[in-house]
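Data first, discussion second: the structure below is written as structure tokens.
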Amino acid sequence: MINLQHVYKIYKLGNNDVYALNDISLEIKQHEFVSIIGPSGSGKSTLMHILGCLDVPTKGKYFLDDIDVSLKDDQELAYIRNKKIGFVFQGFNLLPKLTAIENVELPLIYSNISQKERTQKAIEALSKVGLENRLYHKPTELSGGQQQRVAIARALIGNPPIILADEPTGNLDSASGVEVMELFHKLHEMGNTIILITHDSNIAKQASRIIKIMDGKVQE
Amino acid sequence: MNILFAYKMAIQSIIDNKIRSLLTMLGVIIGVSAVIVAVGFAEGSMQTITNKVEGMGSNTVTAYITSRSATSGVTMEDLEKLDKDNDNIVSIAPYIIKTDIVKSGKNSKNTYITGTSSNYEDVQGTTVSSGRFINDNDITKSLKVAVIGTAVENELFPTEDPIGKEISINGVKFTVIGVMGAVANGAEGTDDDIVLIPITVAQRVLKISQITTFMVSASSKETVDLVMSQVQNFLYKIYNDDSKYIVFSQEAILSVLGDISDVMSLVLGSIAAIALVVGGIGIMNIMLVSVSERTKEIGIRKAIGATNKDILVQFLIESLVIAGIGGIIGIIIAILIIKFGIGSTGLIEPVYSIPWIIAAFTICLTIGIIFGLIPANKAAKLNPIDALRNE
Ligand SMILES: Nc1ncnc2c1ncn2[C@@H]1O[C@H](COP(=O)(O)OP(=O)(O)OP(=O)(O)O)[C@@H](O)[C@H]1O
Ligand SMILES: [Mg+2]
């Protein structure tokens, strides 16, 4: 499903080249639960951005469902992000002015789904993460763990095959972290491919496969 | 993303930033109301002037004879024939006009000495306020009588009743038999600044034998044009040269006034429209600030599937809605200013120019789009990662 071949991401800083990703090749199959672990600055977020089609490699190929992503234009990439990928970020990244239900239905707005269906699906998604009684709360009126669950509901509402999570428990206390991890396990059981980025080995261990990266390279 | 939702989002964002939105709109509000008030003022003042011109008797045709030939000219008999031959002509008043000094005792005044007939009152639509007007007997017998305007009355007879008193013009003595009712508040140089004498007397005293001007009143507004061409034909038969006279109607003056009004509206409206453009730049500034403030939001939206176009449309509609609301507020304020500001003075008619209101609003929306385009494009082109990393 996901296939990276000799992917580089090189940032030019003055005369220096920063190799954020340095010849990464890896394959992730459907229904896998993979964790990507590495120290700060190793290139985890950069990798996730490329996997999530938010960024393109400087060199190398990325095939998603056998499609060469580098050949796609902005609009097609937006479509892929909308349909195939659900993002969960360390900082939640909810829109502060919108209520939980409005945040959750946002991906459906960009795929032109009717208001009625959006509302129904958003309630469904929020119920899955146990927030059916917090529909009309704004992010500031929710705890960190609840905010992250709203973000997960937003990631899963369009029913994308891949869930990409970058340090989803990084800003949470351990109890909320456990709840969030339980959700990922549930999503995995329901058939989603989960890619979890973390620097916490206890969390990484919960995945069925661990990919270690260091200085932009895969270690193994 | 559908447009309706983009509108909802834009309105939400405006409500979320009430003060900022209002300040952004301020430029547009001032611009739109300036355009409408300026044009309202222009059209209102022209309307006022037009009303005054119409009030002077709107069915008249005036002929000025510019030829000063001593041998040929229009005579009283010619005018009587012109009147008789045309059913649409109600009456004709001839004039011999000269500026000269009129004296009474120690007082004197430079004024328009006008020889005319008894038809003057009819054609001009005015009457004496005291005494009587010149009659046919005065004319046939060439009696030295005079009717004076209020400007002359104020100057020569500031304290006493002028009726029966003597005045002199070129050393010839006249008896005042009447005073005309004021038509222009007794101001200098107007129809109130006049001494009227029988035309037969004027020919001798002023040493002008030819009728220099005559005014014709038509039976109705509809026949004015017909009468005008009858007068033109009449004069052409006498002079065989249409450069020797000028014939015009109140209608013609009104149409010139209309043209002036249009030009005035255009000039004032265009000047005020500059304020609108400045308002547009205001929108652009605030939208640019708004885009940088909302970099993160843009990144999030892109991450979950918004295309560049979706983001472009979102910000474009936001500036369009700001411009639109500003425009509507501007229109309301303009109407209030015209109604309670200009209207309450009583000097100028309150006029709301619908075409200009529509034009101002359309320009306002166009400006919203044009000046919204740069910020919206900036937002659309943001790299989603840079946007997301922005904390
Ligand atoms: N826009 C950029 N310009 C230059 N260098 C960059 C840029 N973005 C990232 N980098 C560099 O790329 C490397 C990898 O960054 P990345 O954010 O992927 O690390 P990370 O593994 O996610 O770290 P952390 O655990 O702290 O989030 C870092 O050395 C970083 O400085
Ligand atoms: Mg990171």
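Within each chain, counting starts at residue 1; across the structure tokens, chains are named A, B, ... in the order shown, with ligands numbered 1 upward in that order.
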Using only C-alpha atoms and all ligand atoms, find each residue of chain A with at least one atom at most 7 Å away from an atom of ligand 1; report its shortest atom-to-atom pair and that distance in Å (one decimal), sort the rows by chain and rising residue number, and return the result as JSON lines.
```
{"residue": "A:Tyr11", "atom": "CA", "partner": "ligand 1", "partner_atom_place_in_ligand_line": "4 (C)", "distance": 4.8}
{"residue": "A:Lys12", "atom": "CA", "partner": "ligand 1", "partner_atom_place_in_ligand_line": "4 (C)", "distance": 6.6}
{"residue": "A:Leu13", "atom": "CA", "partner": "ligand 1", "partner_atom_place_in_ligand_line": "4 (C)", "distance": 6.3}
{"residue": "A:Val18", "atom": "CA", "partner": "ligand 1", "partner_atom_place_in_ligand_line": "5 (N)", "distance": 6.1}
{"residue": "A:Tyr19", "atom": "CA", "partner": "ligand 1", "partner_atom_place_in_ligand_line": "12 (O)", "distance": 6.8}
{"residue": "A:Ala20", "atom": "CA", "partner": "ligand 1", "partner_atom_place_in_ligand_line": "12 (O)", "distance": 4.0}
{"residue": "A:Gly38", "atom": "CA", "partner": "ligand 1", "partner_atom_place_in_ligand_line": "21 (O)", "distance": 6.4}
{"residue": "A:Pro39", "atom": "CA", "partner": "ligand 1", "partner_atom_place_in_ligand_line": "25 (O)", "distance": 5.8}
{"residue": "A:Ser40", "atom": "CA", "partner": "ligand 1", "partner_atom_place_in_ligand_line": "25 (O)", "distance": 3.5}
{"residue": "A:Gly41", "atom": "CA", "partner": "ligand 1", "partner_atom_place_in_ligand_line": "19 (O)", "distance": 3.5}
{"residue": "A:Ser42", "atom": "CA", "partner": "ligand 1", "partner_atom_place_in_ligand_line": "21 (O)", "distance": 4.0}
{"residue": "A:Gly43", "atom": "CA", "partner": "ligand 1", "partner_atom_place_in_ligand_line": "18 (O)", "distance": 3.2}
{"residue": "A:Lys44", "atom": "CA", "partner": "ligand 1", "partner_atom_place_in_ligand_line": "21 (O)", "distance": 3.7}
{"residue": "A:Ser45", "atom": "CA", "partner": "ligand 1", "partner_atom_place_in_ligand_line": "22 (O)", "distance": 3.6}
{"residue": "A:Thr46", "atom": "CA", "partner": "ligand 1", "partner_atom_place_in_ligand_line": "18 (O)", "distance": 3.7}
{"residue": "A:Leu47", "atom": "CA", "partner": "ligand 1", "partner_atom_place_in_ligand_line": "18 (O)", "distance": 6.4}
{"residue": "A:His199", "atom": "CA", "partner": "ligand 1", "partner_atom_place_in_ligand_line": "25 (O)", "distance": 6.5}
```
Just list the residues in segment 213-246 of chain B DSSP gives alpha helix (DSSP H) on the backbone, as JSON, numbers by chain.
{"B": [224, 225, 226, 227, 228, 229, 230, 231, 232, 233, 234, 235, 236, 237, 238, 239]}
Which residues of chain B come within 12 Å of ligand 2, and for each one, what is the closest pair of atoms and their distance in Å to one decimal, counting only C-alpha atoms and all ligand atoms, sorted by chain and residue number, as a tab-separated table?
```
residue	atom	partner	partner_atom_place_in_ligand_line	distance
B:Ile385	CA	ligand 2	1 (Mg)	11.6
B:Leu388	CA	ligand 2	1 (Mg)	11.4
B:Arg389	CA	ligand 2	1 (Mg)	9.5
```
Requested write-out: N, CA, C and O atoms of the selected residues, as a short mmCIF file (atom, residue, chain, number, x, y, z; two decimals), in the first residue's frame:
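out_8.cif was written with the following content:
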```cif
data_model
loop_
_atom_site.label_atom_id
_atom_site.label_comp_id
_atom_site.auth_asym_id
_atom_site.auth_seq_id
_atom_site.Cartn_x
_atom_site.Cartn_y
_atom_site.Cartn_z
N ILE B 385 2.86 22.50 4.88
CA ILE B 385 3.77 22.16 5.99
C ILE B 385 4.24 23.39 6.72
O ILE B 385 4.22 23.45 7.93
N LEU B 388 1.53 24.39 8.78
CA LEU B 388 1.31 23.57 9.97
C LEU B 388 2.40 23.77 11.02
O LEU B 388 2.14 23.71 12.21
N ARG B 389 3.63 23.97 10.57
CA ARG B 389 4.74 24.15 11.52
C ARG B 389 4.63 25.49 12.23
O ARG B 389 5.22 25.71 13.27
#
```
Near chain A, meaning an atom within 7 Å, which residues of chain B appear when counting only C-alpha atoms? Write them as a PDB file with N, CA, C and O atoms, in the first residue's frame.
```
ATOM      1  N   MET B   1     -15.830  22.292  -2.128  1.00  0.00           N
ATOM      2  CA  MET B   1     -16.562  22.983  -1.070  1.00  0.00           C
ATOM      3  C   MET B   1     -17.639  23.857  -1.702  1.00  0.00           C
ATOM      4  O   MET B   1     -17.389  24.517  -2.690  1.00  0.00           O
ATOM      5  N   ASN B   2     -18.846  23.844  -1.138  1.00  0.00           N
ATOM      6  CA  ASN B   2     -19.855  24.668  -1.787  1.00  0.00           C
ATOM      7  C   ASN B   2     -19.831  26.102  -1.285  1.00  0.00           C
ATOM      8  O   ASN B   2     -19.381  26.415  -0.187  1.00  0.00           O
ATOM      9  N   GLU B 297      -4.498  27.729  10.496  1.00  0.00           N
ATOM     10  CA  GLU B 297      -5.821  27.265  10.061  1.00  0.00           C
ATOM     11  C   GLU B 297      -5.766  26.795   8.607  1.00  0.00           C
ATOM     12  O   GLU B 297      -6.338  25.749   8.260  1.00  0.00           O
ATOM     13  N   ILE B 300      -4.122  23.443   8.416  1.00  0.00           N
ATOM     14  CA  ILE B 300      -5.011  22.363   8.878  1.00  0.00           C
ATOM     15  C   ILE B 300      -6.024  22.022   7.793  1.00  0.00           C
ATOM     16  O   ILE B 300      -6.245  20.859   7.460  1.00  0.00           O
ATOM     17  N   LYS B 302      -5.789  22.453   4.645  1.00  0.00           N
ATOM     18  CA  LYS B 302      -5.161  21.766   3.521  1.00  0.00           C
ATOM     19  C   LYS B 302      -4.858  20.316   3.880  1.00  0.00           C
ATOM     20  O   LYS B 302      -5.010  19.416   3.047  1.00  0.00           O
ATOM     21  N   ALA B 303      -4.423  20.083   5.119  1.00  0.00           N
ATOM     22  CA  ALA B 303      -4.090  18.717   5.542  1.00  0.00           C
ATOM     23  C   ALA B 303      -5.301  17.798   5.453  1.00  0.00           C
ATOM     24  O   ALA B 303      -5.161  16.616   5.149  1.00  0.00           O
ATOM     25  N   ILE B 304      -6.479  18.347   5.715  1.00  0.00           N
ATOM     26  CA  ILE B 304      -7.640  17.463   5.678  1.00  0.00           C
ATOM     27  C   ILE B 304      -8.354  17.501   4.334  1.00  0.00           C
ATOM     28  O   ILE B 304      -9.458  16.982   4.192  1.00  0.00           O
ATOM     29  N   GLY B 305      -7.729  18.123   3.338  1.00  0.00           N
ATOM     30  CA  GLY B 305      -8.260  17.954   1.995  1.00  0.00           C
ATOM     31  C   GLY B 305      -8.715  19.191   1.266  1.00  0.00           C
ATOM     32  O   GLY B 305      -9.280  19.086   0.175  1.00  0.00           O
ATOM     33  N   ALA B 306      -8.504  20.386   1.832  1.00  0.00           N
ATOM     34  CA  ALA B 306      -8.878  21.594   1.100  1.00  0.00           C
ATOM     35  C   ALA B 306      -7.901  21.796  -0.050  1.00  0.00           C
ATOM     36  O   ALA B 306      -6.695  21.667   0.126  1.00  0.00           O
ATOM     37  N   THR B 307      -8.422  22.103  -1.230  1.00  0.00           N
ATOM     38  CA  THR B 307      -7.548  22.412  -2.359  1.00  0.00           C
ATOM     39  C   THR B 307      -7.171  23.893  -2.293  1.00  0.00           C
ATOM     40  O   THR B 307      -7.768  24.662  -1.543  1.00  0.00           O
ATOM     41  N   PRO B 384       1.400  23.758   2.816  1.00  0.00           N
ATOM     42  CA  PRO B 384       0.706  23.228   3.997  1.00  0.00           C
ATOM     43  C   PRO B 384       1.642  22.926   5.173  1.00  0.00           C
ATOM     44  O   PRO B 384       1.252  23.071   6.321  1.00  0.00           O
ATOM     45  N   ILE B 385       2.864  22.505   4.885  1.00  0.00           N
ATOM     46  CA  ILE B 385       3.769  22.164   5.987  1.00  0.00           C
ATOM     47  C   ILE B 385       4.238  23.395   6.715  1.00  0.00           C
ATOM     48  O   ILE B 385       4.221  23.453   7.934  1.00  0.00           O
TER      49      ILE B 385
END
```
Within 8 Å of Glu166 of chain B, counting only C-alpha atoms, which residues qualify if same-chain residues fewer than 6 places away don't, as a list in words?
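Surrounding residues, per the criterion: Ser104, Lys173, Phe174, Thr175 and Val176 of chain B.
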Could the residues in this selection be saved with all heavy atoms as a CSV table (one decimal), in the first residue's frame?
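Output (again.csv):
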```csv
chain,number,residue,atom,x,y,z
B,104,SER,N,-34.3,109.4,-9.0
B,104,SER,CA,-35.5,110.0,-8.3
B,104,SER,C,-34.9,110.9,-7.2
B,104,SER,O,-34.3,110.4,-6.3
B,104,SER,CB,-36.4,108.9,-7.7
B,104,SER,OG,-37.3,109.5,-6.8
B,173,LYS,N,-39.0,112.4,-17.8
B,173,LYS,CA,-39.7,112.1,-16.6
B,173,LYS,C,-40.8,111.1,-16.8
B,173,LYS,O,-41.6,111.2,-17.8
B,173,LYS,CB,-40.3,113.4,-16.0
B,173,LYS,CG,-39.2,114.3,-15.4
B,173,LYS,CD,-39.8,115.4,-14.5
B,173,LYS,CE,-38.8,116.1,-13.7
B,173,LYS,NZ,-37.4,116.1,-14.0
B,174,PHE,N,-40.9,110.1,-15.9
B,174,PHE,CA,-41.9,109.1,-15.9
B,174,PHE,C,-42.7,109.1,-14.6
B,174,PHE,O,-42.1,109.4,-13.5
B,174,PHE,CB,-41.3,107.7,-16.1
B,174,PHE,CG,-40.8,107.5,-17.5
B,174,PHE,CD1,-39.5,108.0,-17.9
B,174,PHE,CD2,-41.5,106.7,-18.4
B,174,PHE,CE1,-39.0,107.8,-19.1
B,174,PHE,CE2,-41.0,106.5,-19.7
B,174,PHE,CZ,-39.8,107.0,-20.1
B,175,THR,N,-44.0,108.7,-14.6
B,175,THR,CA,-44.7,108.6,-13.4
B,175,THR,C,-44.8,107.1,-13.0
B,175,THR,O,-45.1,106.2,-13.9
B,175,THR,CB,-46.2,109.1,-13.6
B,175,THR,OG1,-46.1,110.4,-14.1
B,175,THR,CG2,-46.9,109.1,-12.2
B,176,VAL,N,-44.5,106.8,-11.8
B,176,VAL,CA,-44.5,105.3,-11.4
B,176,VAL,C,-46.0,105.0,-11.2
B,176,VAL,O,-46.7,105.6,-10.4
B,176,VAL,CB,-43.7,105.1,-10.1
B,176,VAL,CG1,-43.8,103.7,-9.6
B,176,VAL,CG2,-42.2,105.5,-10.3
```
Could you jot down the atom CA of Tyr112 of chain B to atom CA of Ile169 of chain B separation for me, Å, one decimal place?
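Interatomic distance here is 11.1 Å.
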Apply DSSP to the backbone of this structure and, from segment 3-133 of chain A, keep only the residues in strand (DSSP E); write these as a VMD selection string.
chain A and resid 3 to 13 16 to 28 33 to 37 59 to 64 67 to 68 85 to 88
Residues near Ala182 of chain B, anyone? I mean within 9 Å using only C-alpha atoms, not counting same-chain ones fewer than 3 positions away, as a list in words.
Thr126, Val128, Ser129, Gly149, Thr150, Ala151, Val179, Asn185, Gly186, Asp191 and Asp192 of chain B
Could you please take those selected residues and save N, CA and C atoms as a PDB file, in the first residue's frame?
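Okay, this is what ended up in again-v1.pdb:
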```pdb
ATOM      1  N   THR B 126     -45.855  86.869 -13.961  1.00  0.00           N
ATOM      2  CA  THR B 126     -45.744  87.700 -12.747  1.00  0.00           C
ATOM      3  C   THR B 126     -46.814  88.772 -12.785  1.00  0.00           C
ATOM      4  N   VAL B 128     -48.160  92.771 -10.787  1.00  0.00           N
ATOM      5  CA  VAL B 128     -47.777  93.867  -9.901  1.00  0.00           C
ATOM      6  C   VAL B 128     -48.251  93.558  -8.489  1.00  0.00           C
ATOM      7  N   SER B 129     -47.465  94.011  -7.519  1.00  0.00           N
ATOM      8  CA  SER B 129     -47.894  93.826  -6.123  1.00  0.00           C
ATOM      9  C   SER B 129     -48.663  95.051  -5.637  1.00  0.00           C
ATOM     10  N   GLY B 149     -39.306  97.370 -10.488  1.00  0.00           N
ATOM     11  CA  GLY B 149     -39.067  96.131  -9.726  1.00  0.00           C
ATOM     12  C   GLY B 149     -38.682  96.454  -8.306  1.00  0.00           C
ATOM     13  N   THR B 150     -38.702  95.468  -7.446  1.00  0.00           N
ATOM     14  CA  THR B 150     -38.453  95.721  -6.017  1.00  0.00           C
ATOM     15  C   THR B 150     -37.019  96.181  -5.751  1.00  0.00           C
ATOM     16  N   ALA B 151     -36.071  95.735  -6.586  1.00  0.00           N
ATOM     17  CA  ALA B 151     -34.687  96.171  -6.377  1.00  0.00           C
ATOM     18  C   ALA B 151     -34.574  97.673  -6.595  1.00  0.00           C
ATOM     19  N   VAL B 179     -45.656  98.599  -8.894  1.00  0.00           N
ATOM     20  CA  VAL B 179     -44.444  97.893  -8.442  1.00  0.00           C
ATOM     21  C   VAL B 179     -44.663  96.401  -8.686  1.00  0.00           C
ATOM     22  N   ASN B 185     -36.308  87.775  -4.672  1.00  0.00           N
ATOM     23  CA  ASN B 185     -35.976  88.422  -3.396  1.00  0.00           C
ATOM     24  C   ASN B 185     -35.358  89.812  -3.558  1.00  0.00           C
ATOM     25  N   GLY B 186     -35.700  90.475  -4.669  1.00  0.00           N
ATOM     26  CA  GLY B 186     -35.218  91.842  -4.867  1.00  0.00           C
ATOM     27  C   GLY B 186     -33.730  91.952  -5.096  1.00  0.00           C
ATOM     28  N   ASP B 191     -34.639  89.618 -12.337  1.00  0.00           N
ATOM     29  CA  ASP B 191     -35.856  90.197 -12.906  1.00  0.00           C
ATOM     30  C   ASP B 191     -36.492  91.239 -11.982  1.00  0.00           C
ATOM     31  N   ASP B 192     -35.992  91.376 -10.760  1.00  0.00           N
ATOM     32  CA  ASP B 192     -36.503  92.402  -9.853  1.00  0.00           C
ATOM     33  C   ASP B 192     -35.781  93.733 -10.048  1.00  0.00           C
TER      34      ASP B 192
END
```
Shortest contact to Ala151 of chain A, candidates A:Glu189, A:Glu105, A:Glu117, A:Asp200, atoms counted only C-alpha atoms, goes to A:Glu105
Pick from B:Ser249, B:Gln314, B:Thr99, B:Thr127 nearest to Met180 of chain B, counting only C-alpha atoms:
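Once distances to Met180 of chain B are computed over only C-alpha atoms, the minimum belongs to B:Thr127.
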In Å, rounded to a single decimal, give me how far atom CA of Leu64 of chain A is from atom CA of Ser208 of chain A.
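Separation between atom CA of Ser208 of chain A and atom CA of Leu64 of chain A: 20.7 Å.
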So how many Å separate atom CA of Ile337 of chain B and atom CA of Ile29 of chain B, to one decimal?
12.9 Å
Using only C-alpha atoms: which of B:Met46, B:Ile167, B:Ile3, B:Met76 has the shortest distance to Val263 of chain B
B:Met46
